[in-house]
Structures are given as structure tokens and as C-alpha cells.
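> Please find model04.csv (CSV, C-alpha atoms) on the next line:
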```csv
chain,number,residue,atom,x,y,z
M,1,MET,CA,-25.6,2.6,-46.3
M,2,LYS,CA,-27.6,5.5,-47.7
M,3,SER,CA,-29.9,7.5,-45.5
M,4,PHE,CA,-33.5,7.9,-46.3
M,5,SER,CA,-33.6,10.3,-49.2
M,6,LEU,CA,-36.0,13.2,-49.3
M,7,THR,CA,-36.3,12.4,-53.0
M,8,ALA,CA,-37.6,9.1,-52.0
M,9,ILE,CA,-40.1,10.7,-49.6
M,10,ALA,CA,-41.5,12.7,-52.5
M,11,LEU,CA,-41.6,9.7,-54.8
M,12,VAL,CA,-43.4,7.4,-52.4
M,13,ALA,CA,-45.5,10.0,-50.7
M,14,PRO,CA,-48.7,7.9,-51.0
M,15,GLY,CA,-47.1,5.1,-49.1
M,16,VAL,CA,-45.4,7.2,-46.5
M,17,GLN,CA,-47.7,7.1,-43.5
M,18,ALA,CA,-46.0,6.6,-40.3
M,19,GLY,CA,-44.7,9.1,-37.7
M,20,LEU,CA,-44.0,12.7,-37.3
M,21,ARG,CA,-41.4,14.8,-39.2
M,22,PHE,CA,-41.1,18.5,-38.6
M,23,GLY,CA,-38.5,21.3,-38.3
M,24,CYS,CA,-37.4,23.4,-35.4
M,25,SER,CA,-35.5,26.6,-35.9
M,26,THR,CA,-32.5,27.4,-33.8
M,27,LEU,CA,-33.4,28.6,-30.3
M,28,THR,CA,-30.0,29.4,-28.9
M,29,ILE,CA,-26.3,28.5,-29.1
M,30,GLN,CA,-24.5,28.6,-25.8
M,31,ARG,CA,-22.7,26.6,-23.1
M,32,VAL,CA,-25.7,25.2,-21.2
M,33,ASP,CA,-26.6,21.6,-20.6
M,34,PRO,CA,-29.5,20.9,-18.1
M,35,ILE,CA,-29.2,17.1,-18.4
M,36,VAL,CA,-25.5,16.4,-18.1
M,37,GLU,CA,-24.4,19.5,-16.2
M,38,PRO,CA,-27.6,20.8,-14.4
M,39,GLY,CA,-27.3,24.1,-12.6
M,40,LYS,CA,-24.0,25.0,-14.3
M,41,ALA,CA,-23.6,28.0,-16.6
M,42,PRO,CA,-21.4,27.8,-18.4
M,43,SER,CA,-21.3,24.1,-19.1
M,44,SER,CA,-18.1,22.4,-20.5
M,45,HIS,CA,-18.8,22.9,-24.2
M,46,VAL,CA,-21.1,24.8,-26.6
M,47,HIS,CA,-24.4,23.3,-27.7
M,48,HIS,CA,-26.9,24.1,-30.5
M,49,ILE,CA,-30.4,24.0,-29.0
M,50,VAL,CA,-33.9,24.0,-30.5
M,51,GLY,CA,-37.4,23.8,-29.0
M,52,GLY,CA,-39.2,25.4,-26.1
M,53,ASN,CA,-38.5,28.6,-24.2
M,54,VAL,CA,-38.3,27.0,-20.8
M,55,PHE,CA,-34.7,25.9,-21.7
M,56,ASN,CA,-32.2,26.9,-19.0
M,57,HIS,CA,-29.4,25.3,-16.9
M,58,THR,CA,-31.9,23.7,-14.5
M,59,MET,CA,-35.0,21.9,-15.8
M,60,VAL,CA,-37.1,19.6,-13.7
M,61,GLY,CA,-40.8,18.5,-13.6
M,62,ASP,CA,-43.4,18.7,-16.4
M,63,ILE,CA,-41.9,21.2,-18.9
M,64,GLY,CA,-45.0,21.2,-21.1
M,65,ALA,CA,-47.1,22.3,-18.1
M,66,ASP,CA,-44.6,24.9,-16.9
M,67,SER,CA,-46.2,28.4,-16.8
M,68,ARG,CA,-43.0,29.7,-18.5
M,69,ALA,CA,-43.7,27.5,-21.6
M,70,THR,CA,-45.1,30.2,-23.9
M,71,CYS,CA,-43.4,29.5,-27.2
M,72,THR,CA,-41.4,27.0,-29.1
M,73,THR,CA,-39.2,27.2,-32.2
M,74,CYS,CA,-40.7,23.9,-33.5
M,75,GLU,CA,-43.4,23.8,-36.1
M,76,MET,CA,-45.6,21.6,-33.8
M,77,SER,CA,-47.0,24.2,-31.4
M,78,GLN,CA,-47.6,21.7,-28.5
M,79,ASP,CA,-44.0,20.7,-28.5
M,80,PHE,CA,-42.0,22.5,-25.8
M,81,SER,CA,-39.4,19.8,-25.6
M,82,ASN,CA,-35.7,20.7,-26.1
M,83,TYR,CA,-33.4,19.0,-28.5
M,84,TRP,CA,-29.6,19.7,-28.6
M,85,THR,CA,-26.2,18.6,-29.8
M,86,ALA,CA,-22.7,19.8,-29.5
M,87,ALA,CA,-21.8,22.6,-31.9
M,88,MET,CA,-19.4,22.0,-34.8
M,89,TYR,CA,-16.2,24.0,-35.3
M,90,PHE,CA,-13.7,24.5,-38.1
M,91,LYS,CA,-10.1,24.2,-36.9
M,92,HIS,CA,-7.9,26.2,-39.3
M,93,PRO,CA,-5.1,23.9,-40.5
M,94,LYS,CA,-2.6,26.8,-40.9
M,95,ASN,CA,-2.8,28.5,-37.5
M,96,GLY,CA,-5.0,26.2,-35.3
M,97,SER,CA,-7.7,28.9,-34.7
M,98,TYR,CA,-11.4,27.9,-34.4
M,99,HIS,CA,-14.6,29.2,-35.9
M,100,ILE,CA,-18.1,27.9,-35.2
M,101,VAL,CA,-19.8,26.3,-38.2
M,102,PRO,CA,-23.2,27.8,-39.0
M,103,VAL,CA,-26.4,25.7,-39.2
M,104,VAL,CA,-28.7,25.8,-42.2
M,105,ASN,CA,-32.2,24.3,-42.5
M,106,ASN,CA,-32.8,21.0,-44.0
M,107,ALA,CA,-34.8,20.4,-47.2
M,108,ALA,CA,-38.6,19.9,-47.3
M,109,LEU,CA,-39.4,21.8,-44.1
M,110,ALA,CA,-42.0,24.5,-43.5
M,111,ARG,CA,-41.2,27.8,-45.1
M,112,GLY,CA,-39.3,30.1,-42.8
M,113,THR,CA,-37.4,27.4,-40.8
M,114,THR,CA,-34.1,29.0,-39.7
M,115,GLY,CA,-31.2,26.8,-39.1
M,116,GLY,CA,-32.2,24.3,-36.4
M,117,MET,CA,-32.9,20.6,-36.8
M,118,THR,CA,-35.3,18.2,-38.4
M,119,VAL,CA,-37.0,16.1,-35.7
M,120,TYR,CA,-38.7,12.7,-36.2
M,121,TYR,CA,-40.9,10.6,-34.0
M,122,THR,CA,-41.5,7.3,-35.8
M,123,GLN,CA,-43.6,4.3,-34.6
M,124,ASN,CA,-42.1,1.7,-36.8
M,125,ASP,CA,-40.7,2.9,-40.1
M,126,PHE,CA,-41.7,5.3,-42.9
M,127,THR,CA,-44.1,2.9,-44.7
M,128,THR,CA,-46.1,1.3,-41.8
M,129,ASP,CA,-46.8,2.2,-38.2
M,130,ASN,CA,-47.5,-1.4,-37.1
M,131,LEU,CA,-49.6,-0.2,-34.2
M,132,LYS,CA,-51.7,-3.3,-33.9
M,133,ASN,CA,-48.6,-5.4,-33.1
M,134,GLN,CA,-46.4,-2.7,-31.5
M,135,PRO,CA,-48.3,0.1,-29.7
M,136,ILE,CA,-46.2,3.1,-28.8
M,137,THR,CA,-46.0,4.7,-25.3
M,138,ALA,CA,-45.2,8.4,-25.3
M,139,PHE,CA,-42.5,9.8,-23.0
M,140,LYS,CA,-43.6,10.9,-19.6
M,141,PRO,CA,-43.2,14.4,-18.0
M,142,GLY,CA,-39.7,14.8,-16.7
M,143,PHE,CA,-38.3,12.3,-19.1
M,144,ARG,CA,-34.8,12.9,-20.6
M,145,MET,CA,-32.1,10.9,-22.3
M,146,THR,CA,-28.8,11.2,-24.3
M,147,VAL,CA,-27.3,9.2,-27.1
M,148,GLY,CA,-23.6,8.9,-27.9
M,149,ALA,CA,-20.7,10.1,-25.8
M,150,PRO,CA,-18.1,13.0,-26.1
M,151,THR,CA,-15.5,10.7,-24.6
M,152,GLN,CA,-15.7,8.3,-27.6
M,153,HIS,CA,-12.8,8.6,-29.9
M,154,GLU,CA,-13.3,5.4,-31.9
M,155,PRO,CA,-16.4,3.3,-32.8
M,156,ASN,CA,-18.2,1.8,-29.9
M,157,ALA,CA,-19.1,-1.9,-29.6
M,158,LYS,CA,-22.0,-1.5,-32.0
M,159,GLY,CA,-20.0,0.6,-34.5
M,160,ASN,CA,-21.8,3.8,-33.6
M,161,ILE,CA,-25.0,2.5,-35.3
M,162,GLY,CA,-27.5,5.3,-35.6
M,163,LEU,CA,-24.9,8.1,-35.2
M,164,ARG,CA,-23.9,9.1,-38.7
M,165,TYR,CA,-22.7,11.7,-41.2
M,166,ASN,CA,-23.3,12.4,-44.8
M,167,CYS,CA,-21.2,14.5,-47.2
M,168,LEU,CA,-23.9,16.4,-49.0
M,169,THR,CA,-23.8,17.0,-52.7
M,170,THR,CA,-27.1,18.9,-52.3
M,171,LEU,CA,-29.6,18.9,-49.5
M,172,ILE,CA,-31.4,16.1,-51.2
M,173,ASN,CA,-28.4,14.1,-52.6
M,174,ARG,CA,-26.8,12.9,-49.4
M,175,GLY,CA,-24.6,10.0,-50.5
M,176,ARG,CA,-23.5,7.2,-48.2
M,177,GLU,CA,-23.6,7.4,-44.4
M,178,MET,CA,-20.3,7.3,-42.4
M,179,ALA,CA,-19.3,7.0,-38.8
M,180,ASP,CA,-16.7,9.8,-38.8
M,181,PHE,CA,-16.4,13.2,-40.3
M,182,PRO,CA,-16.0,13.2,-44.1
M,183,LYS,CA,-12.4,13.4,-45.3
M,184,THR,CA,-13.3,15.4,-48.4
M,185,LYS,CA,-15.0,18.8,-49.0
M,186,CYS,CA,-18.8,18.6,-49.1
M,187,ALA,CA,-20.5,20.7,-51.7
M,188,ALA,CA,-23.6,21.4,-49.5
M,189,GLY,CA,-22.2,20.8,-46.0
M,190,ILE,CA,-22.0,18.0,-43.5
M,191,PHE,CA,-25.3,16.3,-42.5
M,192,ALA,CA,-25.3,14.9,-38.9
M,193,VAL,CA,-27.9,12.2,-37.8
M,194,HIS,CA,-28.7,11.1,-34.3
M,195,HIS,CA,-31.0,8.1,-33.8
M,196,PHE,CA,-32.1,7.6,-30.1
M,197,PRO,CA,-32.9,4.2,-28.5
M,198,ALA,CA,-36.6,3.3,-28.3
M,199,CYS,CA,-36.9,0.8,-25.4
M,200,TRP,CA,-37.6,2.1,-21.9
M,201,ASP,CA,-37.3,0.3,-18.5
M,202,GLY,CA,-40.8,1.6,-17.7
M,203,LYS,CA,-39.7,3.1,-14.4
M,204,ASN,CA,-37.0,5.7,-14.5
M,205,LEU,CA,-37.3,9.1,-16.2
M,206,ASP,CA,-33.5,9.4,-16.1
M,207,SER,CA,-30.5,7.5,-15.0
M,208,PRO,CA,-27.0,8.5,-13.7
M,209,ASP,CA,-25.4,8.2,-17.2
M,210,HIS,CA,-28.7,9.4,-18.8
M,211,GLN,CA,-28.7,6.3,-21.0
M,212,ALA,CA,-29.2,3.2,-18.8
M,213,HIS,CA,-32.9,3.6,-18.5
M,214,MET,CA,-33.1,3.2,-22.2
M,215,PHE,CA,-31.9,0.2,-24.4
M,216,ASN,CA,-30.9,0.4,-28.0
M,217,THR,CA,-31.8,-2.5,-30.1
M,218,ILE,CA,-31.0,-0.8,-33.4
M,219,THR,CA,-28.8,-3.0,-35.6
M,220,ARG,CA,-29.0,-1.1,-38.9
M,221,ASP,CA,-28.7,2.5,-39.9
M,222,GLY,CA,-31.5,4.6,-41.4
M,223,PHE,CA,-35.2,4.7,-40.6
M,224,THR,CA,-35.8,1.1,-39.9
M,225,ASN,CA,-37.8,-0.4,-37.1
M,226,ALA,CA,-35.8,-1.2,-34.0
M,227,PRO,CA,-35.9,-4.9,-33.1
M,228,PRO,CA,-38.1,-6.0,-30.1
M,229,CYS,CA,-37.3,-4.6,-26.7
M,230,PRO,CA,-35.7,-6.8,-24.1
M,231,ALA,CA,-37.4,-7.8,-20.8
M,232,SER,CA,-35.2,-5.3,-18.9
M,233,HIS,CA,-36.6,-2.5,-21.0
M,234,PRO,CA,-40.0,-3.7,-22.2
M,235,VAL,CA,-41.7,-0.4,-23.1
M,236,ARG,CA,-41.6,0.6,-26.7
M,237,MET,CA,-41.3,4.4,-27.1
M,238,PRO,CA,-41.2,6.6,-30.2
M,239,GLN,CA,-38.0,6.4,-32.2
M,240,VAL,CA,-36.6,9.9,-32.0
M,241,THR,CA,-34.2,11.2,-34.6
M,242,TYR,CA,-32.4,14.5,-35.2
M,243,GLU,CA,-31.0,15.7,-38.5
M,244,THR,CA,-28.7,18.8,-38.6
M,245,VAL,CA,-27.1,20.5,-41.6
M,246,TRP,CA,-23.8,22.1,-40.8
M,247,ASP,CA,-22.7,24.7,-43.5
M,248,THR,CA,-19.1,23.7,-43.9
M,249,THR,CA,-19.0,25.3,-47.4
M,250,LYS,CA,-18.0,28.6,-45.9
M,251,PHE,CA,-14.6,27.1,-45.0
M,252,ALA,CA,-13.9,25.2,-48.3
M,253,SER,CA,-11.2,27.6,-49.5
M,254,MET,CA,-9.3,27.3,-46.2
M,255,TRP,CA,-8.1,23.7,-46.5
M,256,ASP,CA,-6.8,21.2,-49.0
M,257,PRO,CA,-7.8,17.5,-48.5
M,258,ALA,CA,-4.7,16.5,-50.4
M,259,LYS,CA,-2.5,18.2,-47.8
M,260,ASP,CA,-4.5,18.8,-44.7
M,261,ALA,CA,-6.2,16.6,-42.1
M,262,GLN,CA,-10.0,16.7,-41.9
M,263,PRO,CA,-10.5,20.1,-40.1
M,264,PHE,CA,-13.9,19.8,-38.4
M,265,VAL,CA,-14.2,19.1,-34.7
M,266,TRP,CA,-17.1,19.1,-32.2
M,267,SER,CA,-17.1,21.8,-29.5
M,268,PHE,CA,-15.3,19.6,-27.0
M,269,GLU,CA,-12.4,19.1,-29.4
M,270,GLY,CA,-13.8,15.7,-30.3
M,271,ASN,CA,-13.6,13.8,-33.5
M,272,GLY,CA,-16.7,12.4,-35.3
M,273,TYR,CA,-17.0,9.3,-33.1
M,274,GLY,CA,-17.7,11.6,-30.1
M,275,THR,CA,-21.0,12.9,-31.6
M,276,HIS,CA,-23.8,12.9,-29.1
M,277,ALA,CA,-27.3,14.4,-28.5
M,278,ASP,CA,-29.7,15.3,-25.7
M,279,TYR,CA,-33.5,15.0,-25.5
M,280,LEU,CA,-35.7,16.6,-22.8
M,281,PHE,CA,-39.4,15.8,-23.2
M,282,GLY,CA,-41.8,18.7,-23.0
M,283,TRP,CA,-45.0,18.0,-25.0
M,284,LYS,CA,-48.2,19.5,-23.7
M,285,GLY,CA,-50.5,17.1,-22.0
M,286,ASP,CA,-51.2,13.9,-24.1
M,287,SER,CA,-50.6,15.5,-27.5
M,288,LEU,CA,-47.7,13.3,-28.4
M,289,GLN,CA,-49.5,10.1,-27.2
M,290,LYS,CA,-52.5,11.0,-29.4
M,291,ALA,CA,-50.2,11.5,-32.4
M,292,MET,CA,-48.4,8.1,-31.8
M,293,ASP,CA,-51.8,6.4,-31.5
M,294,LYS,CA,-52.9,7.7,-34.9
M,295,SER,CA,-52.4,5.3,-37.8
M,296,GLU,CA,-51.3,6.3,-41.2
M,297,CYS,CA,-50.0,9.9,-40.7
M,298,PHE,CA,-46.9,11.7,-41.7
M,299,TYR,CA,-45.9,15.4,-41.7
M,300,ASP,CA,-49.5,16.5,-40.8
M,301,GLY,CA,-49.4,16.4,-37.0
M,302,CYS,CA,-51.3,13.1,-37.1
M,303,GLY,CA,-54.6,14.9,-36.8
M,304,SER,CA,-54.1,16.0,-33.2
M,305,ILE,CA,-51.3,18.6,-33.2
M,306,THR,CA,-51.6,22.2,-34.3
M,307,LYS,CA,-48.9,23.5,-36.6
M,308,GLN,CA,-47.7,27.1,-36.2
M,309,GLN,CA,-46.2,29.3,-38.9
M,310,MET,CA,-42.4,29.4,-38.6
M,311,SER,CA,-42.6,33.2,-38.6
M,312,VAL,CA,-44.2,32.8,-35.2
M,313,ALA,CA,-41.8,30.1,-34.1
M,314,ASN,CA,-38.8,32.2,-35.0
M,315,LYS,CA,-39.9,34.9,-32.5
M,316,CYS,CA,-39.3,32.5,-29.6
M,317,LYS,CA,-36.2,33.4,-27.6
M,318,VAL,CA,-34.4,32.5,-24.4
M,319,GLU,CA,-32.0,34.3,-22.2
M,320,ASP,CA,-28.2,34.1,-22.9
M,321,TYR,CA,-27.2,32.6,-19.6
M,322,VAL,CA,-23.5,32.8,-20.2
M,323,GLY,CA,-22.9,36.0,-22.1
M,324,GLU,CA,-20.0,34.5,-24.0
M,325,GLN,CA,-18.7,35.7,-27.4
M,326,LEU,CA,-19.0,32.8,-29.8
M,327,ASP,CA,-18.8,34.5,-33.1
M,328,GLY,CA,-15.5,35.1,-35.0
M,329,TRP,CA,-12.2,33.4,-34.8
M,330,SER,CA,-10.6,32.2,-31.5
M,331,SER,CA,-7.3,30.6,-30.4
M,332,HIS,CA,-9.2,28.1,-28.4
M,333,LEU,CA,-12.6,26.4,-28.1
M,334,PRO,CA,-15.0,28.0,-25.5
M,335,GLY,CA,-14.4,26.3,-22.2
M,336,MET,CA,-10.8,25.5,-23.0
M,337,GLY,CA,-9.2,28.8,-22.4
M,338,PRO,CA,-10.0,32.4,-21.1
M,339,MET,CA,-13.7,33.1,-21.6
M,340,LYS,CA,-14.4,35.9,-24.2
M,341,MET,CA,-17.4,37.9,-23.0
M,342,LYS,CA,-19.7,39.9,-25.2
```
Now, as a test, write the supplied structure out as C-alpha cells.

Amino acid sequence: MKSFSLTAIALVAPGVQAGLRFGCSTLTIQRVDPIVEPGKAPSSHVHHIVGGNVFNHTMVGDIGADSRATCTTCEMSQDFSNYWTAAMYFKHPKNGSYHIVPVVNNAALARGTTGGMTVYYTQNDFTTDNLKNQPITAFKPGFRMTVGAPTQHEPNAKGNIGLRYNCLTTLINRGREMADFPKTKCAAGIFAVHHFPACWDGKNLDSPDHQAHMFNTITRDGFTNAPPCPASHPVRMPQVTYETVWDTTKFASMWDPAKDAQPFVWSFEGNGYGTHADYLFGWKGDSLQKAMDKSECFYDGCGSITKQQMSVANKCKVEDYVGEQLDGWSSHLPGMGPMKMK
């Protein structure tokens, strides 16, 4: 199935009127994971992180109200949430060495967006918000969740619906979606998509596996409305989606699809089925709820959120909590051998 094309967005702009879409520049790349491995630095594998500057190895309470929340790499200036995924690596087919794959910004984002991700909060789908029949409850302070699992080496029971890749011809021409890494070279890189579940149990801000407090009713890929929530998880939340463009073109001359196995791995040595993502809510006050209550808005902050220039967003920084050397070639993935310090 094809993902929602940015060409289509341009063509149907008058009818596109539901949800938020915005870019967040890269905040940091390091081995820290305050949801799955709180208090631990380094964590087990490398992550690519965007969002607010409260990010660290221990995050509790209302992040948006935290006095340390002074900047964000996201275009929406009230969004101090953090969004992250594992980092992608190229494993050289000749000598087995590893190199991190750089991230480039997606198409149709604010000028100056650097690397990072495209983030979506949709109420229903791109053409209607359906608020009269399906009101949306914003996430609460302290809320967090994950989707996918690094231990997954084959499709899950639902076929990894919502966790997809595209082999990009250009940033706009994405081609078909697939559940595993592309087996061919991709002219404009590999596009990774993470759709989160949208049904909450209404009680727990987290759960032991960081997923049980949410329920995924998605049955189709793409930006389609998730089916109704079950009685166990009755509260409809925004449908959160990440898109990340990994610039695999830099390694195109180093492998031959006719002779070599697909050479890209996640930072935990996982194949494409192990893709996963983490979300930690940090919007200021009721800014996200106001946006989700607004009908017929897209891109514009829904009339309640202030946008910032990406030149300002790109100044936002966080501490390097590990001090690990991640650039250049290495005989092993970070966390799977002697640590190389800066």
C-alpha cells in the first residue's frame, strides 16, 4: 500500500483539514532512553531524538511545566515533548564494520529544519476531523508510550501494521510501503514510518511494557482513521505518527544488491521488523487539547499554537550524557563492545 503522498497533500490542499503536521530538527543522538531504561546512561542502544530540552535519562512529572523546559527543536513552540527511535546503521558487507546513517529532513517542512522527524497528531484522517462523533482527548502530563519492539525479528500477529518503510525515489515519490528494509538501493534514502495506537485505558500514564495502557485498533496502513476503541481502552487520543528520512545514499557504492544481503540494521543489530519508537508527552498546558478541539485545521497550529522559526529551534541543545564517539566506522555497534569515548 502506498503511503500518503506529499504530492497528494499539495493537490488536495483545500480538502486537507484535519490534524497537525510539523517538523522537529534533530535534538541529539546518543544512548539514552528515559522510558525503557530510566536512570541509565548509557542505555543499551543508540537513539535519534527530537523535541524539548528537558530530555535526559530520568524524566518524570509534567515535562511541559518543568522549569528546565526552555526550548524545543520542534516548529510548534509549545511542544516540549520528546520523540525518538533507534538509529539506523550501515553494516559493510565486505568487512562487517558499522557506520551510523545520517538523517535528512523530509519534504514540505518549515525552512531550516535540520534532519529530525516529521510529527503528526491526527484526529481522524487527513480529509475530516469527525469531532462531532469522535472527540479527541489530549495526552496527560507524565504520559508516555512505545510502539514496536526491538526483540521482533519477524512480523507480529498484526503484520506490523503501522510500522513501515519506503524506498524513496525522491522525497515526494515514496513508492509502496513494506514491513522490512528495502532489498534494493533507494535513490533518495529509506523512509521509516511509526504509527502509534490511539486508544487509552483512561487511567494509566504508563504500563510495565509501556504499551498495555494503549490499544491499537489500526487494521490498515497509511493515515486512515483507527477503528473504534474497545471498552478496555475507551478513550480516543490523537493518532501520533513519526516519519524519518535516513540518507542511505551515502553508502550506495559500498554494496551490490545482486551479491550482498541488505546491509542496513537498527542500532540494536535488529532487522526491519524490530523497528520501534518512543513518545513522551510534554506540551505546555492545554495547548494540544485546544488544537485537537479545533475543526478544519492542518499545518497551521490549529489556531492555538505559536510557530517558531527553525533558526530558533535549531539552537536548542541538550547535554551529551554519555560522551561516546558515534561518528566514523566501528567494528561493533555502540553497546556491543568496548565503548569509544570522545
> Select from segment 189-284 of chain M every residue with an atom at most 10 Å from any atom of segment 91-107 of chain M, then for each give the shortest pair of atoms and their distance in Å to one decimal, using all atoms listed in the file, rows by chain and rising number, as CSV.

```
residue,atom,partner,partner_atom,distance
M:Gly189,CA,M:Val104,CA,9.0
M:Ile190,CA,M:Val103,CA,9.9
M:Phe191,CA,M:Asn106,CA,9.0
M:Glu243,CA,M:Asn106,CA,7.8
M:Thr244,CA,M:Asn106,CA,7.1
M:Val245,CA,M:Val104,CA,5.6
M:Trp246,CA,M:Val103,CA,4.7
M:Asp247,CA,M:Pro102,CA,5.5
M:Thr248,CA,M:Val101,CA,6.3
M:Thr249,CA,M:Val101,CA,9.3
M:Lys250,CA,M:Val101,CA,8.2
M:Phe251,CA,M:Val101,CA,8.6
M:Met254,CA,M:His92,CA,7.1
M:Trp255,CA,M:Pro93,CA,6.7
M:Asp256,CA,M:Pro93,CA,9.1
M:Lys259,CA,M:Pro93,CA,9.6
M:Asp260,CA,M:Pro93,CA,6.6
M:Ala261,CA,M:Pro93,CA,7.6
M:Gln262,CA,M:Pro93,CA,8.8
M:Pro263,CA,M:Lys91,CA,5.2
M:Phe264,CA,M:Lys91,CA,6.0
M:Val265,CA,M:Lys91,CA,6.9
M:Trp266,CA,M:Ile100,CA,9.4
M:Ser267,CA,M:Ile100,CA,8.4
M:Glu269,CA,M:Lys91,CA,9.4
```
> Have a look at M:Thr275, M:Thr306, M:Gln289, M:Ser311 and name the one nearest to Ala87 of chain M; count only C-alpha atoms.
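Ranked by minimum distance to Ala87 of chain M, first place goes to M:Thr275.
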> Neighbouring residues of Ala188 of chain M were defined as those with any atom within 6 Å, considering all atoms listed in the file; residues of the same chain fewer than 4 positions away were excluded. Please report them as a PyMOL selection string.
chain M and resi 168-170
> So that I can check the surroundings of Thr219 of chain M, please list as a VMD selection string every protein, DNA and RNA residue that reaches within 12 Å of it, counting all atoms listed in the file and ignoring chain neighbours fewer than 2 positions away.
chain M and resid 157 to 163 195 197 216 to 217 221 to 228
> Hey, what's within 10 Å of Met59 of chain M if we count all atoms listed in the file and toss same-chain stuff fewer than 3 positions away? As a PDB file with C-alpha atoms, in the coordinates of the input, please?

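selection-v3.pdb, freshly written:
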```
ATOM      1  CA  ASP M  33     -26.600  21.600 -20.600  1.00  0.00           C
ATOM      2  CA  PRO M  34     -29.500  20.900 -18.100  1.00  0.00           C
ATOM      3  CA  ILE M  35     -29.200  17.100 -18.400  1.00  0.00           C
ATOM      4  CA  PRO M  38     -27.600  20.800 -14.400  1.00  0.00           C
ATOM      5  CA  GLY M  39     -27.300  24.100 -12.600  1.00  0.00           C
ATOM      6  CA  VAL M  54     -38.300  27.000 -20.800  1.00  0.00           C
ATOM      7  CA  PHE M  55     -34.700  25.900 -21.700  1.00  0.00           C
ATOM      8  CA  ASN M  56     -32.200  26.900 -19.000  1.00  0.00           C
ATOM      9  CA  ASP M  62     -43.400  18.700 -16.400  1.00  0.00           C
ATOM     10  CA  ILE M  63     -41.900  21.200 -18.900  1.00  0.00           C
ATOM     11  CA  GLY M 142     -39.700  14.800 -16.700  1.00  0.00           C
ATOM     12  CA  LEU M 280     -35.700  16.600 -22.800  1.00  0.00           C
TER      13      LEU M 280
END
```
> What is the distance, in Å and to one decimal place, between atom CA of Glu75 of chain M and atom CA of Met88 of chain M?
24.1 Å
> Could you list, with a cut-off of 9 Å and counting all atoms listed in the file, the residues of segment 294-317 of chain M near segment 116-134 of chain M, each shown with its nearest atom pair and the distance in Å rounded to one decimal, rows sorted by chain and ascending number, as JSON lines?

```
{"residue": "M:Lys294", "atom": "CA", "partner": "M:Leu131", "partner_atom": "CA", "distance": 8.6}
{"residue": "M:Ser295", "atom": "CA", "partner": "M:Asp129", "partner_atom": "CA", "distance": 6.4}
{"residue": "M:Glu296", "atom": "CA", "partner": "M:Asp129", "partner_atom": "CA", "distance": 6.8}
{"residue": "M:Cys297", "atom": "CA", "partner": "M:Asp129", "partner_atom": "CA", "distance": 8.7}
{"residue": "M:Phe298", "atom": "CA", "partner": "M:Phe126", "partner_atom": "CA", "distance": 8.3}
```
> Between M:Gly270, M:Pro141, M:Pro155, M:Pro234, which is the closest to Ala65 of chain M once you count only C-alpha atoms?
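Nearest candidate to Ala65 of chain M out of M:Gly270, M:Pro141, M:Pro155, M:Pro234: M:Pro141.
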> Nearest to Ile29 of chain M: which of M:Ile49, M:Ala41, M:Ala291, M:Leu171 is it, counting all atoms listed in the file?
M:Ile49
> Interatomic distance between atom CA of Phe268 of chain M and atom CA of His45 of chain M?
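Distance between the two atoms: 5.6 Å.
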> Just to confirm, what's the straight-line distance from atom CA of Gln30 of chain M to atom CA of Arg111 of chain M in Å (one decimal)?
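Distance between the two atoms: 25.5 Å.
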> Can you fill out segment 259-276 of chain M with N, CA and C atoms and hand it back as a compact mmCIF listing (two decimals), in the coordinates of the input?

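Writing done, so here's selection.txt:
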```txt
# COMPACT_ATOMS: atom_id res chain seq x y z
N LYS M 259 -3.59 17.82 -48.69
CA LYS M 259 -2.50 18.20 -47.80
C LYS M 259 -2.85 18.23 -46.34
N ASP M 260 -4.10 18.58 -46.04
CA ASP M 260 -4.50 18.80 -44.70
C ASP M 260 -5.38 17.72 -44.11
N ALA M 261 -5.28 17.52 -42.81
CA ALA M 261 -6.20 16.60 -42.10
C ALA M 261 -7.59 17.15 -42.13
N GLN M 262 -8.57 16.29 -42.01
CA GLN M 262 -10.00 16.70 -41.90
C GLN M 262 -10.06 17.77 -40.79
N PRO M 263 -10.60 18.99 -41.06
CA PRO M 263 -10.50 20.10 -40.10
C PRO M 263 -11.65 20.36 -39.17
N PHE M 264 -12.69 19.53 -39.21
CA PHE M 264 -13.90 19.80 -38.40
C PHE M 264 -13.83 19.04 -37.08
N VAL M 265 -14.23 19.70 -36.01
CA VAL M 265 -14.20 19.10 -34.70
C VAL M 265 -15.54 19.48 -33.99
N TRP M 266 -15.95 18.69 -33.01
CA TRP M 266 -17.10 19.10 -32.20
C TRP M 266 -16.54 20.05 -31.09
N SER M 267 -17.43 20.72 -30.41
CA SER M 267 -17.10 21.80 -29.50
C SER M 267 -16.32 21.37 -28.26
N PHE M 268 -16.12 20.07 -28.09
CA PHE M 268 -15.30 19.60 -27.00
C PHE M 268 -13.97 19.05 -27.50
N GLU M 269 -13.60 19.48 -28.72
CA GLU M 269 -12.40 19.10 -29.40
C GLU M 269 -12.45 17.60 -29.82
N GLY M 270 -13.65 17.07 -29.94
CA GLY M 270 -13.80 15.70 -30.30
C GLY M 270 -13.88 15.38 -31.74
N ASN M 271 -13.49 14.17 -32.13
CA ASN M 271 -13.60 13.80 -33.50
C ASN M 271 -15.06 13.28 -33.77
N GLY M 272 -15.31 12.74 -34.95
CA GLY M 272 -16.70 12.40 -35.30
C GLY M 272 -17.29 11.31 -34.45
N TYR M 273 -16.48 10.43 -33.88
CA TYR M 273 -17.00 9.30 -33.10
C TYR M 273 -17.58 9.85 -31.72
N GLY M 274 -17.24 11.05 -31.33
CA GLY M 274 -17.70 11.60 -30.10
C GLY M 274 -19.07 12.33 -30.22
N THR M 275 -19.69 12.23 -31.39
CA THR M 275 -21.00 12.90 -31.60
C THR M 275 -22.00 12.40 -30.56
N HIS M 276 -22.83 13.31 -30.06
CA HIS M 276 -23.80 12.90 -29.10
C HIS M 276 -24.98 13.95 -29.11
```
